[in-house]
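A.B. asks: As input, take start_13.txt (compact mmCIF, C-alpha atoms (C1' of nucleotides)):
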```txt
# COMPACT_ATOMS: atom_id res chain seq x y z
CA MET A 1 136.46 109.21 95.17
CA ALA A 2 137.99 105.93 96.21
CA GLY A 3 136.52 102.47 95.59
CA THR A 4 133.72 101.46 93.26
CA THR A 5 131.95 104.03 91.16
CA PRO A 6 128.32 103.76 90.06
CA ASP A 7 127.95 102.10 86.67
CA ILE A 8 124.15 101.92 86.62
CA SER A 9 122.01 105.02 86.31
CA LEU A 10 118.33 105.72 85.73
CA GLU A 11 119.04 107.95 82.76
CA ALA A 12 121.37 105.56 80.99
CA CYS A 13 119.76 102.20 81.69
CA SER A 14 117.79 100.92 78.73
CA TYR A 15 115.54 98.88 80.98
CA SER A 16 114.36 102.01 82.70
CA ARG A 17 113.81 103.81 79.45
CA VAL A 18 111.36 101.25 78.09
CA LEU A 19 109.58 101.04 81.39
CA GLU A 20 109.30 104.80 81.50
CA ILE A 21 107.41 104.58 78.22
CA VAL A 22 105.26 101.55 78.85
CA SER A 23 104.71 101.26 82.55
CA SER A 24 102.11 103.81 83.51
CA LYS A 25 99.00 102.21 84.84
CA TRP A 26 96.83 101.94 81.72
CA THR A 27 99.41 101.97 78.96
CA ALA A 28 99.74 98.24 78.53
CA LEU A 29 95.98 97.81 78.36
CA VAL A 30 95.60 100.49 75.71
CA LEU A 31 98.38 98.95 73.62
CA TYR A 32 96.61 95.64 73.99
CA ALA A 33 93.39 97.14 72.68
CA LEU A 34 95.28 98.61 69.72
CA GLU A 35 96.93 95.34 68.77
CA GLY A 36 93.79 94.41 66.87
CA GLY A 37 94.06 97.37 64.50
CA THR A 38 92.41 100.76 64.14
CA ILE A 39 89.84 101.48 66.78
CA ARG A 40 87.73 104.41 67.90
CA TYR A 41 88.05 106.27 71.19
CA GLY A 42 84.74 105.12 72.60
CA GLU A 43 85.41 101.56 71.58
CA ILE A 44 88.66 101.51 73.54
CA GLN A 45 86.88 102.88 76.54
CA ARG A 46 84.20 100.22 76.36
CA ARG A 47 86.75 97.46 76.02
CA ILE A 48 88.90 98.44 79.00
CA GLU A 49 87.19 97.78 82.27
CA GLY A 50 87.20 100.68 84.68
CA ILE A 51 89.18 103.26 82.70
CA SER A 52 87.97 106.83 83.01
CA GLN A 53 87.81 109.33 80.17
CA LYS A 54 90.54 111.36 81.75
CA MET A 55 92.97 108.47 82.06
CA LEU A 56 92.23 107.15 78.59
CA THR A 57 92.80 110.54 77.01
CA GLN A 58 95.96 111.07 79.02
CA THR A 59 97.35 107.65 78.17
CA LEU A 60 96.60 108.02 74.47
CA LYS A 61 98.21 111.44 74.43
CA GLN A 62 101.39 110.10 75.97
CA LEU A 63 101.54 107.25 73.49
CA GLU A 64 100.95 109.66 70.65
CA ARG A 65 103.70 111.92 71.94
CA ASP A 66 106.09 108.98 72.07
CA GLY A 67 105.30 108.17 68.44
CA LEU A 68 103.78 104.80 69.25
CA VAL A 69 100.19 105.65 68.38
CA ARG A 70 98.64 107.63 65.55
CA ARG A 71 95.55 109.78 66.05
CA LYS A 72 93.29 110.41 63.10
CA VAL A 73 90.36 112.80 63.26
CA VAL A 74 87.56 112.37 60.74
CA PRO A 75 85.88 115.78 60.54
CA SER A 76 82.23 114.92 60.82
CA VAL A 77 79.32 115.53 63.16
CA PRO A 78 79.51 113.88 65.57
CA PRO A 79 83.30 113.66 65.44
CA ILE A 80 85.11 110.41 64.81
CA VAL A 81 88.60 109.87 66.20
CA GLU A 82 90.47 106.75 65.31
CA TYR A 83 93.61 105.38 66.93
CA SER A 84 96.12 102.90 65.57
CA LEU A 85 99.67 101.76 66.18
CA THR A 86 102.43 103.46 64.20
CA PRO A 87 105.21 101.33 62.65
CA LEU A 88 107.28 102.23 65.70
CA GLY A 89 104.47 101.08 67.91
CA GLU A 90 104.28 97.79 66.04
CA THR A 91 107.90 97.07 66.87
CA LEU A 92 106.94 97.09 70.51
CA ILE A 93 104.39 94.30 70.16
CA PRO A 94 106.86 91.38 70.11
CA CYS A 95 108.33 92.64 73.37
CA MET A 96 104.91 92.90 74.90
CA LEU A 97 104.05 89.41 73.71
CA MET A 98 107.17 88.10 75.38
CA LEU A 99 106.21 89.76 78.65
CA LYS A 100 102.74 88.35 78.28
CA SER A 101 104.01 84.82 77.78
CA TRP A 102 106.37 85.18 80.72
CA ALA A 103 103.43 86.16 82.89
CA SER A 104 101.35 83.26 81.63
CA ALA A 105 104.14 80.85 82.44
CA HIS A 106 105.37 82.24 85.74
CA TYR A 107 102.80 84.43 87.40
CA GLY A 108 101.50 81.46 89.33
CA ALA A 109 104.95 80.94 90.80
CA VAL A 110 105.15 84.60 91.79
CA LYS A 111 101.78 84.43 93.50
CA ALA A 112 102.83 81.29 95.35
CA ALA A 113 106.08 82.93 96.43
CA ARG A 114 104.15 85.88 97.80
CA GLU A 115 101.83 83.72 99.82
CA GLU A 116 104.75 81.72 101.15
CA TYR A 117 106.59 84.92 102.06
CA ASP A 118 103.57 86.47 103.74
CA ARG A 119 103.00 83.32 105.76
CA GLY A 120 106.51 83.65 107.15
CA ALA A 121 105.96 87.30 107.99
CA TYR A 122 103.50 86.62 110.82
CA MET B 1 77.36 91.53 72.72
CA ALA B 2 79.64 92.81 70.00
CA GLY B 3 82.09 95.33 71.45
CA THR B 4 79.75 96.46 74.16
CA THR B 5 81.33 94.47 76.99
CA PRO B 6 84.77 95.10 78.47
CA ASP B 7 87.17 92.32 77.53
CA ILE B 8 90.32 93.89 78.97
CA SER B 9 90.84 94.28 82.68
CA LEU B 10 93.74 95.22 84.92
CA GLU B 11 93.40 92.06 86.98
CA ALA B 12 93.27 89.68 84.05
CA CYS B 13 95.76 91.25 81.65
CA SER B 14 99.12 89.49 81.70
CA TYR B 15 100.88 92.63 80.54
CA SER B 16 99.80 94.47 83.62
CA ARG B 17 100.85 91.63 85.87
CA VAL B 18 104.46 91.64 84.73
CA LEU B 19 104.60 95.39 84.88
CA GLU B 20 103.21 95.34 88.38
CA ILE B 21 106.20 93.19 89.32
CA VAL B 22 108.94 94.92 87.40
CA SER B 23 107.94 98.50 86.94
CA SER B 24 108.58 100.26 90.19
CA LYS B 25 111.21 102.90 89.88
CA TRP B 26 114.36 101.01 90.87
CA THR B 27 113.41 97.41 90.16
CA ALA B 28 114.91 97.17 86.70
CA LEU B 29 118.20 98.66 87.88
CA VAL B 30 118.46 96.22 90.75
CA LEU B 31 117.74 93.28 88.47
CA TYR B 32 120.40 94.61 86.16
CA ALA B 33 122.90 94.70 88.99
CA LEU B 34 122.00 91.12 89.89
CA GLU B 35 122.45 89.80 86.36
CA GLY B 36 126.16 89.48 87.04
CA GLY B 37 125.70 87.00 89.88
CA THR B 38 125.73 87.13 93.68
CA ILE B 39 126.40 90.56 95.09
CA ARG B 40 126.39 92.25 98.46
CA TYR B 41 123.99 94.93 99.62
CA GLY B 42 126.57 97.69 99.80
CA GLU B 43 127.94 96.78 96.43
CA ILE B 44 124.53 97.16 94.81
CA GLN B 45 124.13 100.53 96.41
CA ARG B 46 127.47 101.73 95.15
CA ARG B 47 126.73 100.50 91.64
CA ILE B 48 123.36 102.20 91.29
CA GLU B 49 123.63 105.93 91.05
CA GLY B 50 121.39 107.87 93.38
CA ILE B 51 119.56 105.03 95.10
CA SER B 52 118.93 105.55 98.82
CA GLN B 53 119.20 102.86 101.43
CA LYS B 54 115.51 102.95 101.98
CA MET B 55 114.62 102.44 98.35
CA LEU B 56 117.19 99.72 97.85
CA THR B 57 115.98 97.78 100.87
CA GLN B 58 112.38 98.22 99.82
CA THR B 59 113.04 97.13 96.26
CA LEU B 60 115.01 94.08 97.31
CA LYS B 61 112.27 93.10 99.72
CA GLN B 62 109.64 93.25 97.02
CA LEU B 63 111.77 91.17 94.70
CA GLU B 64 112.39 88.66 97.44
CA ARG B 65 108.69 88.48 98.20
CA ASP B 66 107.96 87.81 94.55
CA GLY B 67 110.44 84.94 94.56
CA LEU B 68 112.75 86.58 92.04
CA VAL B 69 115.64 87.26 94.39
CA ARG B 70 117.22 85.21 97.17
CA ARG B 71 118.59 86.84 100.30
CA LYS B 72 121.37 85.11 102.18
CA VAL B 73 122.65 86.36 105.51
CA VAL B 74 126.13 85.35 106.57
CA PRO B 75 126.11 85.60 110.37
CA SER B 76 129.26 87.53 111.10
CA VAL B 77 130.33 90.82 112.58
CA PRO B 78 129.80 93.02 110.78
CA PRO B 79 126.95 91.21 109.00
CA ILE B 80 127.21 90.21 105.36
CA VAL B 81 124.05 90.03 103.25
CA GLU B 82 124.26 88.62 99.76
CA TYR B 83 121.66 88.79 97.04
CA SER B 84 121.25 86.68 93.93
CA LEU B 85 118.61 85.80 91.36
CA THR B 86 116.51 82.72 91.98
CA PRO B 87 115.82 80.30 89.10
CA LEU B 88 112.50 82.10 88.69
CA GLY B 89 114.34 85.39 88.57
CA GLU B 90 116.64 84.03 85.89
CA THR B 91 113.68 83.28 83.64
CA LEU B 92 112.93 86.97 83.62
CA ILE B 93 116.30 87.97 82.21
CA PRO B 94 115.60 87.09 78.56
CA CYS B 95 112.52 89.31 78.70
CA MET B 96 114.54 92.13 80.16
CA LEU B 97 117.19 91.69 77.51
CA MET B 98 114.53 91.97 74.85
CA LEU B 99 113.27 95.21 76.36
CA LYS B 100 116.82 96.45 76.56
CA SER B 101 117.49 95.74 72.92
CA TRP B 102 114.21 97.38 71.93
CA ALA B 103 115.27 100.50 73.78
CA SER B 104 118.71 100.45 72.18
CA ALA B 105 117.15 100.22 68.75
CA HIS B 106 114.20 102.58 69.11
CA TYR B 107 114.66 104.98 71.99
CA GLY B 108 116.16 107.51 69.62
CA ALA B 109 112.99 107.42 67.55
CA VAL B 110 110.87 107.95 70.65
CA LYS B 111 112.95 110.92 71.70
CA ALA B 112 112.67 112.39 68.20
CA ALA B 113 108.89 111.87 68.22
CA ARG B 114 108.65 113.69 71.52
CA GLU B 115 110.58 116.67 70.29
CA GLU B 116 108.49 116.77 67.15
CA TYR B 117 105.29 116.56 69.17
CA ASP B 118 106.38 119.23 71.61
CA ARG B 119 107.31 121.58 68.79
CA GLY B 120 103.75 121.31 67.49
CA ALA B 121 102.31 121.99 70.91
CA TYR B 122 103.44 125.61 71.05
C1' DC C 1 127.15 96.72 107.44
C1' DC C 2 122.49 96.32 106.87
C1' DG C 3 118.07 97.89 107.36
C1' DG C 4 113.91 99.69 110.22
C1' DA C 5 111.13 103.79 111.40
C1' DT C 6 109.52 108.27 110.72
C1' DC C 7 108.16 112.54 108.43
C1' DC C 8 107.15 115.02 104.26
C1' DC C 9 106.30 116.09 99.40
C1' DC C 10 104.61 115.73 94.99
C1' DA C 11 103.07 113.09 91.03
C1' DT C 12 99.58 109.99 89.58
C1' DA C 13 95.14 108.87 89.36
C1' DG C 14 90.04 109.06 90.45
C1' DA C 15 85.39 111.55 90.39
C1' DT C 16 82.56 114.87 88.58
C1' DA C 17 80.89 118.36 85.64
C1' DC C 18 81.10 120.88 81.41
C1' DT C 19 81.92 121.84 76.04
C1' DG C 20 82.77 121.94 70.67
C1' DC D 1 81.31 111.47 70.37
C1' DA D 2 85.41 112.84 72.10
C1' DG D 3 87.33 115.25 74.74
C1' DT D 4 88.64 119.59 78.90
C1' DA D 5 88.65 121.50 83.43
C1' DT D 6 88.98 121.30 88.28
C1' DC D 7 89.30 119.49 92.63
C1' DT D 8 90.79 116.02 95.79
C1' DA D 9 93.55 112.25 97.84
C1' DT D 10 96.33 108.23 97.97
C1' DG D 11 100.73 106.39 98.16
C1' DG D 12 105.32 106.05 95.96
C1' DG D 13 109.46 107.89 96.72
C1' DG D 14 113.09 110.98 99.13
C1' DA D 15 115.80 112.53 103.40
C1' DT D 16 117.19 111.57 107.79
C1' DC D 17 117.95 109.46 112.07
C1' DC D 18 117.94 105.30 114.94
C1' DG D 19 119.02 100.26 115.99
C1' DG D 20 120.84 95.38 115.81
```
What would you get if you wrote out this structure as structure tokens?
C.D. replies:
Amino acid sequence: MAGTTPDISLEACSYSRVLEIVSSKWTALVLYALEGGTIRYGEIQRRIEGISQKMLTQTLKQLERDGLVRRKVVPSVPPIVEYSLTPLGETLIPCMLMLKSWASAHYGAVKAAREEYDRGAY
Amino acid sequence: MAGTTPDISLEACSYSRVLEIVSSKWTALVLYALEGGTIRYGEIQRRIEGISQKMLTQTLKQLERDGLVRRKVVPSVPPIVEYSLTPLGETLIPCMLMLKSWASAHYGAVKAAREEYDRGAY
DNA sequence: CCGGATCCCCATAGATACTG
DNA sequence: CAGTATCTATGGGGATCCGG
């Protein structure tokens, strides 16, 4: 093929890889809940507004599969299941904090840009 | 009061806000292409493997609406359209770089965790 | 050269009900 | 308490053709 060849791909790009891990709808919120330390299933659900059992379970399972979250079952009746960040999961926190501070600093500007843009659209 | 009230919500959480901006499928790749400076539409498309015209246009429009990308039309025949990061867009780059370096350092561990997890699942 | 418009598919997510 | 199971549907994303 002549001319420029692609040098950016979904599979190779590190940006995409992190996002693939972190960007499903509830993931960030669950990580946020886990920042405080070990926490039970029901407690997470109470803390996150509007999350369903299905989505919480699914999100936790993904995070566990990715090695970011540890699941510990205490065999008792009724059962107790505790979740916490793994060391790998902890390494993600600084990144998340940086995103958080970016949003705090600039989300207003983004919102303003949107309103400006939408005004022009009519 | 203790722990019985939700204190994490999609609307309020800064994490979710950034992700809402950055996490659609092609956004990160387009930002990556723009890191190098002003670039034409066709050039972006050639650089990003597998992106369709529709998705590129759509992604660029979103980024423009959010004030992260500037679109400049040079009235000529055939038309030339150039894209570049705005100052606001530039502020996002350090965050992206941090994500990128996290992925470089830890994506291997995530992949290993997945394989480990999937082995256990059978 | 750039992008709008249209049609279609499938993954993600929500609601609800049930179980160890 | 901590999940599973099932059913449904919304919309993101892909392919293709048309237009300025």
A.B. asks: Restricting the calculation to all atoms listed in the file: of B:Ser101, B:Ser9, B:Ser76, B:Ser52, which residue gets closest to C:DG3?
C.D. replies: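 Closest to C:DG3, using all atoms listed in the file: B:Ser52.
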A.B. asks: How would chain A read as a PDB file with C-alpha atoms, in the coordinates of the input after a least-squares superposition onto chain B over every Cα atom, matched in order?
C.D. replies:
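Saved file result03.pdb follows:
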```pdb
ATOM      1  CA  MET A   1      74.157  94.966  78.323  1.00  0.00           C
ATOM      2  CA  ALA A   2      73.968  95.526  74.603  1.00  0.00           C
ATOM      3  CA  GLY A   3      76.929  95.933  72.241  1.00  0.00           C
ATOM      4  CA  THR A   4      80.581  95.170  72.853  1.00  0.00           C
ATOM      5  CA  THR A   5      81.730  93.832  76.176  1.00  0.00           C
ATOM      6  CA  PRO A   6      85.174  94.464  77.659  1.00  0.00           C
ATOM      7  CA  ASP A   7      87.663  91.747  76.759  1.00  0.00           C
ATOM      8  CA  ILE A   8      90.748  93.385  78.268  1.00  0.00           C
ATOM      9  CA  SER A   9      91.182  93.761  82.004  1.00  0.00           C
ATOM     10  CA  LEU A  10      94.009  94.791  84.309  1.00  0.00           C
ATOM     11  CA  GLU A  11      93.738  91.620  86.350  1.00  0.00           C
ATOM     12  CA  ALA A  12      93.734  89.235  83.420  1.00  0.00           C
ATOM     13  CA  CYS A  13      96.193  90.875  81.045  1.00  0.00           C
ATOM     14  CA  SER A  14      99.584  89.209  81.131  1.00  0.00           C
ATOM     15  CA  TYR A  15     101.290  92.394  80.022  1.00  0.00           C
ATOM     16  CA  SER A  16     100.082  94.162  83.114  1.00  0.00           C
ATOM     17  CA  ARG A  17     101.112  91.332  85.358  1.00  0.00           C
ATOM     18  CA  VAL A  18     104.761  91.424  84.318  1.00  0.00           C
ATOM     19  CA  LEU A  19     104.831  95.174  84.503  1.00  0.00           C
ATOM     20  CA  GLU A  20     103.330  95.051  87.961  1.00  0.00           C
ATOM     21  CA  ILE A  21     106.324  92.966  88.996  1.00  0.00           C
ATOM     22  CA  VAL A  22     109.090  94.750  87.160  1.00  0.00           C
ATOM     23  CA  SER A  23     108.058  98.326  86.687  1.00  0.00           C
ATOM     24  CA  SER A  24     108.551 100.090  89.978  1.00  0.00           C
ATOM     25  CA  LYS A  25     111.132 102.789  89.749  1.00  0.00           C
ATOM     26  CA  TRP A  26     114.300 100.975  90.843  1.00  0.00           C
ATOM     27  CA  THR A  27     113.449  97.373  90.080  1.00  0.00           C
ATOM     28  CA  ALA A  28     115.035  97.186  86.666  1.00  0.00           C
ATOM     29  CA  LEU A  29     118.252  98.721  87.949  1.00  0.00           C
ATOM     30  CA  VAL A  30     118.498  96.273  90.829  1.00  0.00           C
ATOM     31  CA  LEU A  31     117.901  93.327  88.498  1.00  0.00           C
ATOM     32  CA  TYR A  32     120.605  94.737  86.279  1.00  0.00           C
ATOM     33  CA  ALA A  33     123.029  94.839  89.185  1.00  0.00           C
ATOM     34  CA  LEU A  34     122.165  91.229  90.032  1.00  0.00           C
ATOM     35  CA  GLU A  35     122.734  89.956  86.514  1.00  0.00           C
ATOM     36  CA  GLY A  36     126.431  89.719  87.294  1.00  0.00           C
ATOM     37  CA  GLY A  37     125.922  87.210  90.104  1.00  0.00           C
ATOM     38  CA  THR A  38     125.863  87.301  93.890  1.00  0.00           C
ATOM     39  CA  ILE A  39     126.424  90.721  95.331  1.00  0.00           C
ATOM     40  CA  ARG A  40     126.294  92.379  98.726  1.00  0.00           C
ATOM     41  CA  TYR A  41     123.799  95.010  99.838  1.00  0.00           C
ATOM     42  CA  GLY A  42     126.303  97.827 100.088  1.00  0.00           C
ATOM     43  CA  GLU A  43     127.800  96.948  96.749  1.00  0.00           C
ATOM     44  CA  ILE A  44     124.427  97.280  95.041  1.00  0.00           C
ATOM     45  CA  GLN A  45     123.923 100.617  96.671  1.00  0.00           C
ATOM     46  CA  ARG A  46     127.289 101.875  95.496  1.00  0.00           C
ATOM     47  CA  ARG A  47     126.662 100.706  91.964  1.00  0.00           C
ATOM     48  CA  ILE A  48     123.255 102.339  91.530  1.00  0.00           C
ATOM     49  CA  GLU A  49     123.484 106.073  91.287  1.00  0.00           C
ATOM     50  CA  GLY A  50     121.147 107.957  93.569  1.00  0.00           C
ATOM     51  CA  ILE A  51     119.297 105.083  95.245  1.00  0.00           C
ATOM     52  CA  SER A  52     118.524 105.563  98.916  1.00  0.00           C
ATOM     53  CA  GLN A  53     118.759 102.864 101.562  1.00  0.00           C
ATOM     54  CA  LYS A  54     115.032 102.895 101.982  1.00  0.00           C
ATOM     55  CA  MET A  55     114.277 102.372  98.306  1.00  0.00           C
ATOM     56  CA  LEU A  56     116.939  99.714  97.881  1.00  0.00           C
ATOM     57  CA  THR A  57     115.663  97.741 100.846  1.00  0.00           C
ATOM     58  CA  GLN A  58     112.080  98.105  99.688  1.00  0.00           C
ATOM     59  CA  THR A  59     112.877  97.049  96.138  1.00  0.00           C
ATOM     60  CA  LEU A  60     114.894  94.035  97.251  1.00  0.00           C
ATOM     61  CA  LYS A  61     112.125  92.980  99.598  1.00  0.00           C
ATOM     62  CA  GLN A  62     109.562  93.087  96.824  1.00  0.00           C
ATOM     63  CA  LEU A  63     111.780  91.065  94.525  1.00  0.00           C
ATOM     64  CA  GLU A  64     112.393  88.563  97.279  1.00  0.00           C
ATOM     65  CA  ARG A  65     108.673  88.304  97.930  1.00  0.00           C
ATOM     66  CA  ASP A  66     108.049  87.642  94.250  1.00  0.00           C
ATOM     67  CA  GLY A  67     110.592  84.817  94.321  1.00  0.00           C
ATOM     68  CA  LEU A  68     112.937  86.516  91.885  1.00  0.00           C
ATOM     69  CA  VAL A  69     115.752  87.234  94.320  1.00  0.00           C
ATOM     70  CA  ARG A  70     117.306  85.201  97.110  1.00  0.00           C
ATOM     71  CA  ARG A  71     118.560  86.805 100.315  1.00  0.00           C
ATOM     72  CA  LYS A  72     121.324  85.100 102.229  1.00  0.00           C
ATOM     73  CA  VAL A  73     122.492  86.308 105.620  1.00  0.00           C
ATOM     74  CA  VAL A  74     125.966  85.322 106.772  1.00  0.00           C
ATOM     75  CA  PRO A  75     125.853  85.566 110.569  1.00  0.00           C
ATOM     76  CA  SER A  76     128.982  87.495 111.366  1.00  0.00           C
ATOM     77  CA  VAL A  77     129.987  90.807 112.894  1.00  0.00           C
ATOM     78  CA  PRO A  78     129.535  93.030 111.045  1.00  0.00           C
ATOM     79  CA  PRO A  79     126.713  91.273 109.206  1.00  0.00           C
ATOM     80  CA  ILE A  80     127.010  90.214 105.597  1.00  0.00           C
ATOM     81  CA  VAL A  81     123.912  89.977 103.418  1.00  0.00           C
ATOM     82  CA  GLU A  82     124.216  88.648  99.930  1.00  0.00           C
ATOM     83  CA  TYR A  83     121.663  88.846  97.137  1.00  0.00           C
ATOM     84  CA  SER A  84     121.382  86.757  93.997  1.00  0.00           C
ATOM     85  CA  LEU A  85     118.839  85.851  91.353  1.00  0.00           C
ATOM     86  CA  THR A  86     116.768  82.715  91.903  1.00  0.00           C
ATOM     87  CA  PRO A  87     116.201  80.306  88.981  1.00  0.00           C
ATOM     88  CA  LEU A  88     112.862  82.044  88.501  1.00  0.00           C
ATOM     89  CA  GLY A  89     114.629  85.357  88.434  1.00  0.00           C
ATOM     90  CA  GLU A  90     117.047  84.070  85.817  1.00  0.00           C
ATOM     91  CA  THR A  91     114.168  83.291  83.490  1.00  0.00           C
ATOM     92  CA  LEU A  92     113.346  86.965  83.479  1.00  0.00           C
ATOM     93  CA  ILE A  93     116.741  88.025  82.153  1.00  0.00           C
ATOM     94  CA  PRO A  94     116.123  87.166  78.477  1.00  0.00           C
ATOM     95  CA  CYS A  95     113.005  89.321  78.555  1.00  0.00           C
ATOM     96  CA  MET A  96     114.916  92.164  80.095  1.00  0.00           C
ATOM     97  CA  LEU A  97     117.657  91.797  77.509  1.00  0.00           C
ATOM     98  CA  MET A  98     115.072  92.043  74.771  1.00  0.00           C
ATOM     99  CA  LEU A  99     113.679  95.235  76.267  1.00  0.00           C
ATOM    100  CA  LYS A 100     117.190  96.554  76.575  1.00  0.00           C
ATOM    101  CA  SER A 101     117.980  95.874  72.937  1.00  0.00           C
ATOM    102  CA  TRP A 102     114.701  97.436  71.863  1.00  0.00           C
ATOM    103  CA  ALA A 103     115.639 100.575  73.755  1.00  0.00           C
ATOM    104  CA  SER A 104     119.105 100.626  72.237  1.00  0.00           C
ATOM    105  CA  ALA A 105     117.639 100.348  68.770  1.00  0.00           C
ATOM    106  CA  HIS A 106     114.634 102.632  69.064  1.00  0.00           C
ATOM    107  CA  TYR A 107     114.962 105.042  71.934  1.00  0.00           C
ATOM    108  CA  GLY A 108     116.474 107.610  69.620  1.00  0.00           C
ATOM    109  CA  ALA A 109     113.364 107.460  67.466  1.00  0.00           C
ATOM    110  CA  VAL A 110     111.152 107.922  70.517  1.00  0.00           C
ATOM    111  CA  LYS A 111     113.137 110.944  71.630  1.00  0.00           C
ATOM    112  CA  ALA A 112     112.914 112.425  68.145  1.00  0.00           C
ATOM    113  CA  ALA A 113     109.167 111.816  68.051  1.00  0.00           C
ATOM    114  CA  ARG A 114     108.780 113.617  71.355  1.00  0.00           C
ATOM    115  CA  GLU A 115     110.693 116.638  70.197  1.00  0.00           C
ATOM    116  CA  GLU A 116     108.718 116.731  66.974  1.00  0.00           C
ATOM    117  CA  TYR A 117     105.457 116.445  68.907  1.00  0.00           C
ATOM    118  CA  ASP A 118     106.415 119.128  71.403  1.00  0.00           C
ATOM    119  CA  ARG A 119     107.396 121.473  68.597  1.00  0.00           C
ATOM    120  CA  GLY A 120     103.894 121.147  67.184  1.00  0.00           C
ATOM    121  CA  ALA A 121     102.340 121.805  70.573  1.00  0.00           C
ATOM    122  CA  TYR A 122     103.356 125.476  70.695  1.00  0.00           C
TER     123      TYR A 122
END
```
A.B. asks: To one decimal place in Å, what is the distance between atom CA of A:Val81 and atom CA of A:Leu60?
C.D. replies: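 Straight-line distance from atom CA of A:Val81 to atom CA of A:Leu60 works out to 11.7 Å.
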A.B. asks: Work out how far atom CA of B:Gln62 is from atom C1' of C:DC1, in Å to one decimal.
C.D. replies: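 Separation between atom C1' of C:DC1 and atom CA of B:Gln62: 20.7 Å.
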A.B. asks: Would you give me, as JSON lines, each residue of chain D having an atom within 10 Å of an atom of chain B, along with its shortest atom pair and that distance in Å to one decimal, using all atoms listed in the file and sorting by chain and residue number?
C.D. replies:
```
{"residue": "D:DG12", "atom": "C1'", "partner": "B:Ser24", "partner_atom": "CA", "distance": 8.8}
{"residue": "D:DG13", "atom": "C1'", "partner": "B:Met55", "partner_atom": "CA", "distance": 7.7}
{"residue": "D:DG14", "atom": "C1'", "partner": "B:Ser52", "partner_atom": "CA", "distance": 8.0}
{"residue": "D:DA15", "atom": "C1'", "partner": "B:Ser52", "partner_atom": "CA", "distance": 8.9}
```
A.B. asks: Considering all atoms listed in the file, return as a CSV table (one decimal) with C-alpha atoms, keeping the file's coordinate frame whatever protein or nucleic-acid residues lie within 12 Å of A:Ile48, sequence-local ones (same chain, fewer than 4 positions apart) excluded.
C.D. replies:
```
chain,number,residue,atom,x,y,z
A,26,TRP,CA,96.8,101.9,81.7
A,27,THR,CA,99.4,102.0,79.0
A,28,ALA,CA,99.7,98.2,78.5
A,29,LEU,CA,96.0,97.8,78.4
A,30,VAL,CA,95.6,100.5,75.7
A,31,LEU,CA,98.4,99.0,73.6
A,32,TYR,CA,96.6,95.6,74.0
A,33,ALA,CA,93.4,97.1,72.7
A,34,LEU,CA,95.3,98.6,69.7
A,41,TYR,CA,88.0,106.3,71.2
A,42,GLY,CA,84.7,105.1,72.6
A,43,GLU,CA,85.4,101.6,71.6
A,44,ILE,CA,88.7,101.5,73.5
A,52,SER,CA,88.0,106.8,83.0
A,53,GLN,CA,87.8,109.3,80.2
A,55,MET,CA,93.0,108.5,82.1
A,56,LEU,CA,92.2,107.2,78.6
B,3,GLY,CA,82.1,95.3,71.4
B,4,THR,CA,79.8,96.5,74.2
B,5,THR,CA,81.3,94.5,77.0
B,6,PRO,CA,84.8,95.1,78.5
B,7,ASP,CA,87.2,92.3,77.5
B,8,ILE,CA,90.3,93.9,79.0
B,9,SER,CA,90.8,94.3,82.7
B,10,LEU,CA,93.7,95.2,84.9
B,11,GLU,CA,93.4,92.1,87.0
B,12,ALA,CA,93.3,89.7,84.0
B,13,CYS,CA,95.8,91.2,81.6
```
A.B. asks: Using only C-alpha atoms (C1' of nucleotides), collect all residues at a distance of at most 10 Å from (92.6, 112.2, 90.1) as written in the file, then present them as a ChimeraX atom specification.
C.D. replies: /A:54-55 /C:12-15 /D:6-10
A.B. asks: Between atom CA of A:Ile93 and atom CA of B:Arg114, measure the distance and give it in Å to one decimal.
C.D. replies: 19.9 Å
A.B. asks: Would you list which chain B residues are within 7 Å of chain C using all atoms listed in the file, as a PyMOL selection string?
C.D. replies: chain B and resi 57+78-80
A.B. asks: Here is a test: counting all atoms listed in the file, which residue of B:Leu97, B:Ile21, B:Ile39, B:Ala113 is nearest to B:Leu68?
C.D. replies: B:Ile21
